[in-house]
$ cat model-v6.cif   # mmCIF, C-alpha atoms
data_entry
loop_
_atom_site.group_PDB
_atom_site.id
_atom_site.type_symbol
_atom_site.label_atom_id
_atom_site.label_comp_id
_atom_site.auth_asym_id
_atom_site.auth_seq_id
_atom_site.Cartn_x
_atom_site.Cartn_y
_atom_site.Cartn_z
ATOM 1 C CA MET A 1 85.837 143.694 149.129
ATOM 2 C CA PRO A 2 88.002 140.935 150.502
ATOM 3 C CA THR A 3 86.156 138.267 152.373
ATOM 4 C CA ASP A 4 87.549 136.604 155.431
ATOM 5 C CA THR A 5 88.280 133.038 154.581
ATOM 6 C CA PRO A 6 87.969 130.868 157.624
ATOM 7 C CA GLN A 7 91.301 129.663 158.876
ATOM 8 C CA PRO A 8 91.705 126.177 160.242
ATOM 9 C CA PRO A 9 92.734 126.137 163.849
ATOM 10 C CA VAL A 10 96.418 125.778 164.476
ATOM 11 C CA PRO A 11 97.129 122.313 165.857
ATOM 12 C CA PRO A 12 98.425 122.340 169.391
ATOM 13 C CA GLN A 13 102.113 121.835 169.962
ATOM 14 C CA GLY A 14 102.751 118.200 170.620
ATOM 15 C CA PRO A 15 105.643 115.818 170.646
ATOM 16 C CA ARG A 16 107.792 115.979 167.560
ATOM 17 C CA THR A 17 106.585 113.440 165.064
ATOM 18 C CA THR A 18 109.120 114.057 162.320
ATOM 19 C CA PRO A 19 110.618 110.655 161.562
ATOM 20 C CA GLU A 20 114.329 110.018 161.634
ATOM 21 C CA ARG A 21 115.617 110.532 158.134
ATOM 22 C CA ARG A 22 118.508 108.135 158.293
ATOM 23 C CA THR A 23 116.497 105.064 157.323
ATOM 24 C CA THR A 24 113.833 104.800 154.673
ATOM 25 C CA VAL A 25 111.752 102.197 156.494
ATOM 26 C CA ALA A 26 109.566 103.227 159.390
ATOM 27 C CA VAL A 27 109.481 100.555 162.068
ATOM 28 C CA LEU A 28 106.588 100.548 164.458
ATOM 29 C CA ASP A 29 107.465 99.846 168.036
ATOM 30 C CA ARG A 30 105.217 97.014 169.007
ATOM 31 C CA PRO A 31 104.886 96.110 172.646
ATOM 32 C CA GLU A 32 105.831 92.510 173.320
ATOM 33 C CA ALA A 33 102.369 91.796 174.750
ATOM 34 C CA ASP A 34 100.729 92.610 171.415
ATOM 35 C CA THR A 35 102.305 89.859 169.375
ATOM 36 C CA PRO A 36 102.379 86.528 171.158
ATOM 37 C CA TRP A 37 99.814 84.669 168.980
ATOM 38 C CA VAL A 38 100.346 82.331 166.048
ATOM 39 C CA THR A 39 98.137 80.734 163.391
ATOM 40 C CA LEU A 40 98.926 77.107 162.577
ATOM 41 C CA VAL A 41 97.862 75.119 159.520
ATOM 42 C CA TRP A 42 97.725 71.333 159.941
ATOM 43 C CA ASN A 43 98.398 68.646 157.368
ATOM 44 C CA ASP A 44 95.481 66.678 155.955
ATOM 45 C CA PRO A 45 95.280 63.957 153.314
ATOM 46 C CA VAL A 46 92.819 65.772 151.055
ATOM 47 C CA ASN A 47 94.176 69.231 150.328
ATOM 48 C CA LEU A 48 96.461 69.372 147.320
ATOM 49 C CA MET A 49 99.967 70.789 147.636
ATOM 50 C CA SER A 50 99.283 73.260 144.828
ATOM 51 C CA TYR A 51 96.070 74.392 146.508
ATOM 52 C CA VAL A 52 97.732 74.989 149.891
ATOM 53 C CA THR A 53 100.435 77.026 148.127
ATOM 54 C CA TRP A 54 97.772 79.034 146.298
ATOM 55 C CA VAL A 55 95.842 79.715 149.523
ATOM 56 C CA LEU A 56 98.961 80.963 151.330
ATOM 57 C CA GLN A 57 99.875 83.191 148.381
ATOM 58 C CA THR A 58 96.331 84.482 147.966
ATOM 59 C CA HIS A 59 95.388 85.137 151.565
ATOM 60 C CA PHE A 60 98.696 86.269 153.059
ATOM 61 C CA GLY A 61 100.262 87.689 149.913
ATOM 62 C CA TYR A 62 103.371 85.573 150.482
ATOM 63 C CA PRO A 63 105.702 85.265 147.505
ATOM 64 C CA ARG A 64 105.716 81.839 145.843
ATOM 65 C CA PRO A 65 108.936 80.528 147.464
ATOM 66 C CA ARG A 66 107.710 81.371 150.971
ATOM 67 C CA ALA A 67 104.244 79.913 150.321
ATOM 68 C CA GLU A 68 105.822 76.727 148.949
ATOM 69 C CA ALA A 69 108.226 76.413 151.888
ATOM 70 C CA LEU A 70 105.346 76.753 154.368
ATOM 71 C CA MET A 71 103.277 74.243 152.396
ATOM 72 C CA MET A 72 106.177 71.746 152.506
ATOM 73 C CA ASP A 73 106.458 72.275 156.281
ATOM 74 C CA VAL A 74 102.748 71.485 156.627
ATOM 75 C CA HIS A 75 103.148 68.426 154.422
ATOM 76 C CA THR A 76 106.338 66.980 155.950
ATOM 77 C CA LYS A 77 106.195 68.202 159.568
ATOM 78 C CA GLY A 78 102.442 67.986 159.984
ATOM 79 C CA ARG A 79 101.934 71.682 160.652
ATOM 80 C CA ALA A 80 103.407 75.139 160.128
ATOM 81 C CA VAL A 81 103.048 78.595 161.630
ATOM 82 C CA VAL A 82 101.545 80.612 158.789
ATOM 83 C CA SER A 83 101.076 83.924 160.570
ATOM 84 C CA THR A 84 101.884 85.707 163.819
ATOM 85 C CA GLY A 85 100.416 88.781 165.430
ATOM 86 C CA THR A 86 97.680 89.848 167.770
ATOM 87 C CA ARG A 87 95.048 87.402 168.922
ATOM 88 C CA GLU A 88 92.496 89.186 166.710
ATOM 89 C CA LYS A 89 94.687 88.821 163.630
ATOM 90 C CA CYS A 90 95.252 85.109 164.253
ATOM 91 C CA GLU A 91 91.537 84.549 164.848
ATOM 92 C CA ALA A 92 90.742 86.273 161.561
ATOM 93 C CA ASP A 93 93.443 84.271 159.735
ATOM 94 C CA THR A 94 92.118 81.028 161.247
ATOM 95 C CA GLU A 95 88.588 81.855 160.101
ATOM 96 C CA ALA A 96 89.877 82.666 156.613
ATOM 97 C CA MET A 97 91.819 79.363 156.438
ATOM 98 C CA HIS A 98 88.646 77.470 157.428
ATOM 99 C CA GLY A 99 86.871 79.317 154.626
ATOM 100 C CA PHE A 100 89.459 77.872 152.233
ATOM 101 C CA GLY A 101 89.011 74.388 153.707
ATOM 102 C CA LEU A 102 92.373 74.262 155.475
ATOM 103 C CA TRP A 103 92.441 73.153 159.092
ATOM 104 C CA ALA A 104 93.884 76.032 161.101
ATOM 105 C CA THR A 105 94.176 76.718 164.817
ATOM 106 C CA PHE A 106 95.455 79.708 166.760
ATOM 107 C CA GLN A 107 97.252 79.849 170.071
ATOM 108 C CA LYS A 108 99.666 81.816 172.195
ATOM 109 C CA ASP A 109 103.185 81.544 170.878
ATOM 110 C CA ASP A 110 104.877 79.632 173.690
ATOM 111 C CA MET B 1 86.481 64.167 127.495
ATOM 112 C CA ALA B 2 87.797 66.831 129.830
ATOM 113 C CA THR B 3 90.963 68.787 129.135
ATOM 114 C CA ALA B 4 92.929 70.766 131.720
ATOM 115 C CA PHE B 5 92.479 74.498 132.285
ATOM 116 C CA ARG B 6 94.797 76.872 130.516
ATOM 117 C CA ARG B 7 95.117 80.618 130.771
ATOM 118 C CA LYS B 8 93.598 82.805 128.095
ATOM 119 C CA GLY B 9 94.081 86.478 128.868
ATOM 120 C CA GLY B 10 92.861 86.921 132.417
ATOM 121 C CA ARG B 11 90.539 83.931 132.164
ATOM 122 C CA LEU B 12 90.830 80.147 132.467
ATOM 123 C CA VAL B 13 89.521 77.913 129.711
ATOM 124 C CA ALA B 14 88.990 74.145 129.631
ATOM 125 C CA SER B 15 86.927 71.595 127.740
ATOM 126 C CA PHE B 16 84.239 69.529 129.449
ATOM 127 C CA ASP B 17 81.369 67.396 128.188
ATOM 128 C CA ALA B 18 77.920 68.506 129.278
ATOM 129 C CA GLU B 19 77.754 65.291 131.390
ATOM 130 C CA GLU B 20 80.994 66.136 133.176
ATOM 131 C CA ILE B 21 79.788 69.653 133.966
ATOM 132 C CA ALA B 22 76.460 68.257 135.191
ATOM 133 C CA LEU B 23 78.310 65.797 137.438
ATOM 134 C CA VAL B 24 80.434 68.516 139.036
ATOM 135 C CA ARG B 25 77.375 70.727 139.440
ATOM 136 C CA HIS B 26 75.486 67.910 141.146
ATOM 137 C CA VAL B 27 78.308 67.268 143.609
ATOM 138 C CA LEU B 28 78.598 70.983 144.382
ATOM 139 C CA GLU B 29 74.849 71.295 144.970
ATOM 140 C CA LEU B 30 74.971 68.412 147.447
ATOM 141 C CA THR B 31 77.975 70.043 149.102
ATOM 142 C CA ARG B 32 76.135 73.362 149.402
ATOM 143 C CA ALA B 33 73.085 71.691 150.955
ATOM 144 C CA PHE B 34 75.392 69.947 153.427
ATOM 145 C CA VAL B 35 77.366 73.008 154.504
ATOM 146 C CA ALA B 36 74.786 75.824 154.289
ATOM 147 C CA PRO B 37 73.586 77.204 157.631
ATOM 148 C CA GLU B 38 70.631 75.424 159.157
ATOM 149 C CA ARG B 39 68.841 78.784 159.360
ATOM 150 C CA PRO B 40 68.956 80.078 155.786
ATOM 151 C CA ASP B 41 69.723 83.725 155.118
ATOM 152 C CA THR B 42 66.864 85.885 153.858
ATOM 153 C CA GLY B 43 69.027 87.556 151.215
ATOM 154 C CA ASP B 44 68.554 90.944 152.899
ATOM 155 C CA PRO B 45 71.842 91.791 154.634
ATOM 156 C CA PHE B 46 70.159 93.964 157.247
ATOM 157 C CA LEU B 47 67.473 91.393 158.096
ATOM 158 C CA ASP B 48 70.148 88.695 158.249
ATOM 159 C CA LEU B 49 72.188 90.815 160.626
ATOM 160 C CA ILE B 50 69.197 91.372 162.905
ATOM 161 C CA ALA B 51 68.150 87.729 162.669
ATOM 162 C CA GLY B 52 71.655 86.643 163.551
ATOM 163 C CA LEU B 53 71.853 88.809 166.645
ATOM 164 C CA GLY B 54 71.321 86.823 169.774
ATOM 165 C CA GLU B 55 71.194 83.595 167.844
ATOM 166 C CA GLU B 56 73.181 80.939 169.599
ATOM 167 C CA VAL B 57 75.252 78.639 167.437
ATOM 168 C CA ASP B 58 75.697 75.275 169.086
ATOM 169 C CA PRO B 59 79.282 75.524 170.337
ATOM 170 C CA GLN B 60 79.650 71.739 170.179
ATOM 171 C CA GLU B 61 81.658 70.192 167.384
ATOM 172 C CA PRO B 62 79.276 68.759 164.734
ATOM 173 C CA SER B 63 78.678 65.039 165.266
ATOM 174 C CA ASP B 64 79.053 64.247 161.544
ATOM 175 C CA PRO B 65 82.819 63.928 161.021
ATOM 176 C CA ALA B 66 82.614 65.391 157.503
ATOM 177 C CA LEU B 67 80.873 68.518 158.797
ATOM 178 C CA ALA B 68 83.351 68.621 161.680
ATOM 179 C CA ARG B 69 86.171 68.644 159.119
ATOM 180 C CA LEU B 70 84.575 71.524 157.184
ATOM 181 C CA LEU B 71 84.090 73.464 160.416
ATOM 182 C CA PRO B 72 87.086 72.279 162.439
ATOM 183 C CA PRO B 73 87.907 73.285 166.008
ATOM 184 C CA ALA B 74 90.166 76.349 166.130
ATOM 185 C CA SER B 75 92.174 74.809 168.962
ATOM 186 C CA ARG B 76 93.339 71.256 169.523
ATOM 187 C CA ASP B 77 93.778 71.578 173.274
ATOM 188 C CA ASP B 78 91.636 74.476 174.457
ATOM 189 C CA ALA B 79 87.990 73.421 174.239
ATOM 190 C CA ASP B 80 86.733 76.766 175.561
ATOM 191 C CA GLN B 81 88.627 78.696 172.914
ATOM 192 C CA ALA B 82 87.316 76.373 170.188
ATOM 193 C CA ALA B 83 83.721 76.682 171.441
ATOM 194 C CA GLU B 84 83.911 80.477 171.628
ATOM 195 C CA PHE B 85 85.380 80.662 168.122
ATOM 196 C CA ARG B 86 82.674 78.356 166.799
ATOM 197 C CA ARG B 87 79.933 80.426 168.439
ATOM 198 C CA LEU B 88 81.270 83.606 166.840
ATOM 199 C CA THR B 89 82.233 82.364 163.384
ATOM 200 C CA GLU B 90 80.308 79.241 162.405
ATOM 201 C CA HIS B 91 77.192 80.834 160.967
ATOM 202 C CA GLY B 92 79.157 83.328 158.881
ATOM 203 C CA LEU B 93 81.587 80.659 157.724
ATOM 204 C CA ARG B 94 78.761 78.382 156.578
ATOM 205 C CA SER B 95 77.040 81.288 154.776
ATOM 206 C CA ARG B 96 80.261 82.229 152.980
ATOM 207 C CA LYS B 97 80.952 78.636 151.969
ATOM 208 C CA ALA B 98 77.422 78.332 150.554
ATOM 209 C CA ALA B 99 77.806 81.639 148.673
ATOM 210 C CA THR B 100 81.162 80.541 147.218
ATOM 211 C CA ILE B 101 79.629 77.272 146.012
ATOM 212 C CA SER B 102 76.750 79.252 144.457
ATOM 213 C CA THR B 103 79.277 81.322 142.487
ATOM 214 C CA ALA B 104 80.917 78.121 141.223
ATOM 215 C CA VAL B 105 77.559 76.552 140.302
ATOM 216 C CA ALA B 106 76.520 79.707 138.424
ATOM 217 C CA ALA B 107 79.787 79.578 136.478
ATOM 218 C CA LEU B 108 79.079 75.956 135.502
ATOM 219 C CA ASP B 109 75.514 76.906 134.485
ATOM 220 C CA ALA B 110 76.891 79.616 132.209
ATOM 221 C CA ALA B 111 79.215 77.167 130.423
ATOM 222 C CA THR B 112 78.685 76.351 126.766
ATOM 223 C CA PRO B 113 79.942 72.744 126.509
ATOM 224 C CA PRO B 114 82.475 71.703 125.486
ATOM 225 C CA THR B 115 83.910 75.063 126.584
ATOM 226 C CA LEU B 116 84.105 76.064 130.220
ATOM 227 C CA GLU B 117 85.487 79.559 130.669
ATOM 228 C CA LEU B 118 86.020 81.132 134.103
ATOM 229 C CA ASP B 119 86.874 84.649 135.206
ATOM 230 C CA PRO B 120 89.263 84.949 138.188
ATOM 231 C CA ASP B 121 86.454 85.102 140.780
ATOM 232 C CA GLN B 122 84.757 82.045 139.308
ATOM 233 C CA ALA B 123 88.039 80.126 139.188
ATOM 234 C CA ARG B 124 88.726 80.971 142.815
ATOM 235 C CA ALA B 125 85.172 79.951 143.801
ATOM 236 C CA LEU B 126 85.468 76.654 141.929
ATOM 237 C CA ALA B 127 88.794 75.788 143.596
ATOM 238 C CA ILE B 128 87.375 76.511 147.059
ATOM 239 C CA ALA B 129 84.061 74.751 146.386
ATOM 240 C CA LEU B 130 85.904 71.644 145.128
ATOM 241 C CA THR B 131 87.899 71.612 148.359
ATOM 242 C CA ASP B 132 84.734 71.372 150.449
ATOM 243 C CA ALA B 133 83.325 68.659 148.178
ATOM 244 C CA ARG B 134 86.570 66.651 148.361
ATOM 245 C CA LEU B 135 86.816 67.055 152.135
ATOM 246 C CA ILE B 136 83.362 65.476 152.497
ATOM 247 C CA LEU B 137 84.129 62.649 150.056
ATOM 248 C CA GLY B 138 87.552 62.102 151.628
ATOM 249 C CA GLU B 139 85.973 61.737 155.039
ATOM 250 C CA ARG B 140 83.377 59.280 153.678
ATOM 251 C CA LEU B 141 86.225 57.287 152.096
ATOM 252 C CA GLY B 142 88.026 57.187 155.433
ATOM 253 C CA LEU B 143 91.023 59.269 154.371
ATOM 254 C CA ARG B 144 92.835 60.231 157.568
ATOM 255 C CA THR B 145 96.496 60.223 156.556
ATOM 256 C CA ASP B 146 98.581 60.888 153.454
ATOM 257 C CA GLU B 147 99.128 57.101 153.247
ATOM 258 C CA ASP B 148 95.343 56.558 153.079
ATOM 259 C CA SER B 149 95.246 58.959 150.164
ATOM 260 C CA GLU B 150 98.044 57.140 148.305
ATOM 261 C CA ARG B 151 96.392 53.782 148.973
ATOM 262 C CA LEU B 152 93.141 55.080 147.475
ATOM 263 C CA HIS B 153 94.884 56.037 144.245
ATOM 264 C CA ASP B 154 96.639 52.642 144.069
ATOM 265 C CA GLN B 155 93.355 50.818 144.663
ATOM 266 C CA LEU B 156 91.516 52.845 142.062
ATOM 267 C CA ASP B 157 94.288 52.218 139.515
ATOM 268 C CA ALA B 158 94.230 48.492 140.289
ATOM 269 C CA ALA B 159 90.429 48.405 139.972
ATOM 270 C CA LEU B 160 90.584 50.180 136.615
ATOM 271 C CA GLN B 161 93.174 47.622 135.449
ATOM 272 C CA GLY B 162 90.824 44.845 136.537
ATOM 273 C CA ASP B 163 93.277 43.634 139.207
ATOM 274 C CA LEU B 164 91.067 44.522 142.149
ATOM 275 C CA GLU B 165 87.379 44.037 142.919
ATOM 276 C CA LEU B 166 85.778 46.995 144.702
ATOM 277 C CA ASP B 167 82.185 47.228 145.793
ATOM 278 C CA PRO B 168 80.410 49.496 143.300
ATOM 279 C CA ALA B 169 79.471 52.226 145.808
ATOM 280 C CA THR B 170 83.070 52.580 147.010
ATOM 281 C CA ALA B 171 84.397 52.475 143.458
ATOM 282 C CA GLN B 172 82.009 55.245 142.477
ATOM 283 C CA LYS B 173 82.991 57.454 145.427
ATOM 284 C CA MET B 174 86.651 56.873 144.563
ATOM 285 C CA ALA B 175 86.059 57.763 140.925
ATOM 286 C CA TYR B 176 84.260 60.976 141.900
ATOM 287 C CA TYR B 177 87.048 61.860 144.311
ATOM 288 C CA ASP B 178 89.692 61.168 141.688
ATOM 289 C CA PHE B 179 87.963 63.249 139.030
ATOM 290 C CA LEU B 180 87.316 66.181 141.386
ATOM 291 C CA SER B 181 90.954 66.043 142.527
ATOM 292 C CA TRP B 182 92.136 66.188 138.916
ATOM 293 C CA LEU B 183 89.783 69.103 138.249
ATOM 294 C CA GLN B 184 90.936 71.007 141.321
ATOM 295 C CA GLU B 185 94.590 70.420 140.495
ATOM 296 C CA SER B 186 93.924 71.712 136.999
ATOM 297 C CA VAL B 187 92.188 74.938 138.057
ATOM 298 C CA THR B 188 94.689 75.589 140.861
ATOM 299 C CA ALA B 189 97.740 75.037 138.661
ATOM 300 C CA ALA B 190 96.270 77.400 136.073
ATOM 301 C CA MET B 191 95.639 80.064 138.731
ATOM 302 C CA LEU B 192 99.220 79.672 139.942
ATOM 303 C CA GLY B 193 100.335 80.164 136.380
ATOM 304 C CA GLN B 194 102.068 76.793 136.089
#

$ encode --input "model-v6.cif" --output "structure tokens"
Amino acid sequence: MPTDTPQPPVPPQGPRTTPERRTTVAVLDRPEADTPWVTLVWNDPVNLMSYVTWVLQTHFGYPRPRAEALMMDVHTKGRAVVSTGTREKCEADTEAMHGFGLWATFQKDD
Amino acid sequence: MATAFRRKGGRLVASFDAEEIALVRHVLELTRAFVAPERPDTGDPFLDLIAGLGEEVDPQEPSDPALARLLPPASRDDADQAAEFRRLTEHGLRSRKAATISTAVAALDAATPPTLELDPDQARALAIALTDARLILGERLGLRTDEDSERLHDQLDAALQGDLELDPATAQKMAYYDFLSWLQESVTAAMLGQ
């Protein structure tokens, strides 16, 4: 005797969510108001250049050349923007940088 | 006599005398005592969570400049933002720093001199723990600018050559700082694969 297998409910008709097929990269539309914050790392006389590079690679996953370029900006210009995003992201990045012993601040990107 | 770290498989290996390991361990223990939260954790994550609820962290910047450097303000011009950030993050940050130093100390305790072998987590913990130790020493040595740092190295070199008289306490702090800097450079370079 065949048993009735329960059927999942049919999802309601909604807006079409099929992505455009012409590009392979999906780009999220981010409202302007969501992304006006930056995380800054400041130069200090104690942290080693290699260590700052390692921290930027480790925490942000930046490739070596980008991590080194940011480290040199910190070293020669006194500071560098190491991440951008929502306020929450920059707060979390700042806290992580403090965990590594780097001096970071976050602020609105003016 | 210490030798620099080199990679061996996924691990980092270096040579250190028992005295050198004991010295680093001692500095890290002092650093942990300095940075650990004033209210120690119980070790039970749930109890710690409950105990931490409603607990007010002093939102003022620490008066000791070395502690202020380890727990720096998260804004240079917005005191309210810095105070709010400190209130929300300082206890957790201090707990994590203490835990990281404990990982590094345990790795040193497990060493069999003259071999010091670290797995990736231990290497990472040692690099971070050495940063906190050097930030404290650097503050006590009055390092505020890159030029201060260069001057310190010149003075230490001159003192070692016998060309400069330093008071013994300063000379000792400088020697510690120099050795810990060398050690941190060594472990960091090895992690970077240089």

$ resolve_selection --input "model-v6.cif" --expression "the PyMOL selection byres ((chain B) within 10 of (chain A))" --output "PyMOL selection string"
chain B and resi 69-78+81-82+85-86+89-90+92-94+96-97+100+124-125+127-139+143-150+177+181-182+184-189+191-192+194

$ residues_near_point --input "model-v6.cif" --point "(88.9, 67.0, 134.0)" --cutoff "6 Å" --atoms "only C-alpha atoms" --output "list in words"
Ala2, Thr3, Ala4, Trp182 and Leu183 of chain B

$ resolve_selection --input "model-v6.cif" --expression "the PyMOL selection byres ((chain B and resi 170) around 12)" --output "ChimeraX atom specification"
/B:137-138,140-142,152,155-156,159,165-169,171-177

$ write_last_selection --input "model-v6.cif" --atoms "C-alpha atoms" --output "tab-separated table (two decimals), in the coordinates of the input"
chain	number	residue	atom	x	y	z
B	137	LEU	CA	84.13	62.65	150.06
B	138	GLY	CA	87.55	62.10	151.63
B	140	ARG	CA	83.38	59.28	153.68
B	141	LEU	CA	86.22	57.29	152.10
B	142	GLY	CA	88.03	57.19	155.43
B	152	LEU	CA	93.14	55.08	147.48
B	155	GLN	CA	93.36	50.82	144.66
B	156	LEU	CA	91.52	52.84	142.06
B	159	ALA	CA	90.43	48.40	139.97
B	165	GLU	CA	87.38	44.04	142.92
B	166	LEU	CA	85.78	47.00	144.70
B	167	ASP	CA	82.18	47.23	145.79
B	168	PRO	CA	80.41	49.50	143.30
B	169	ALA	CA	79.47	52.23	145.81
B	171	ALA	CA	84.40	52.48	143.46
B	172	GLN	CA	82.01	55.24	142.48
B	173	LYS	CA	82.99	57.45	145.43
B	174	MET	CA	86.65	56.87	144.56
B	175	ALA	CA	86.06	57.76	140.93
B	176	TYR	CA	84.26	60.98	141.90
B	177	TYR	CA	87.05	61.86	144.31

$ atom_distance --input "model-v6.cif" --atom1 "atom CA of A:Gly85" --atom2 "atom CA of A:Trp37"
5.5 Å

$ atom_distance --input "model-v6.cif" --atom1 "atom CA of B:Pro120" --atom2 "atom CA of B:Arg7"
10.4 Å

$ closest_residue --input "model-v6.cif" --among "B:Ala111, B:Ala79, B:Leu12, B:Ala98" --to "B:Thr31" --atoms "only C-alpha atoms"
B:Ala98

$ resolve_selection --input "model-v6.cif" --expression "the PyMOL selection byres ((chain A and resi 84) around 9)" --output "PyMOL selection string"
chain A and resi 35-39+81-83+85-87+89-90+109

$ atom_distance --input "model-v6.cif" --atom1 "atom CA of B:Asp157" --atom2 "atom CA of B:Glu19"
22.6 Å

$ closest_residue --input "model-v6.cif" --among "A:Lys108, A:Leu70, A:Trp42, A:Thr76" --to "A:Glu88" --atoms "all atoms listed in the file"
A:Lys108
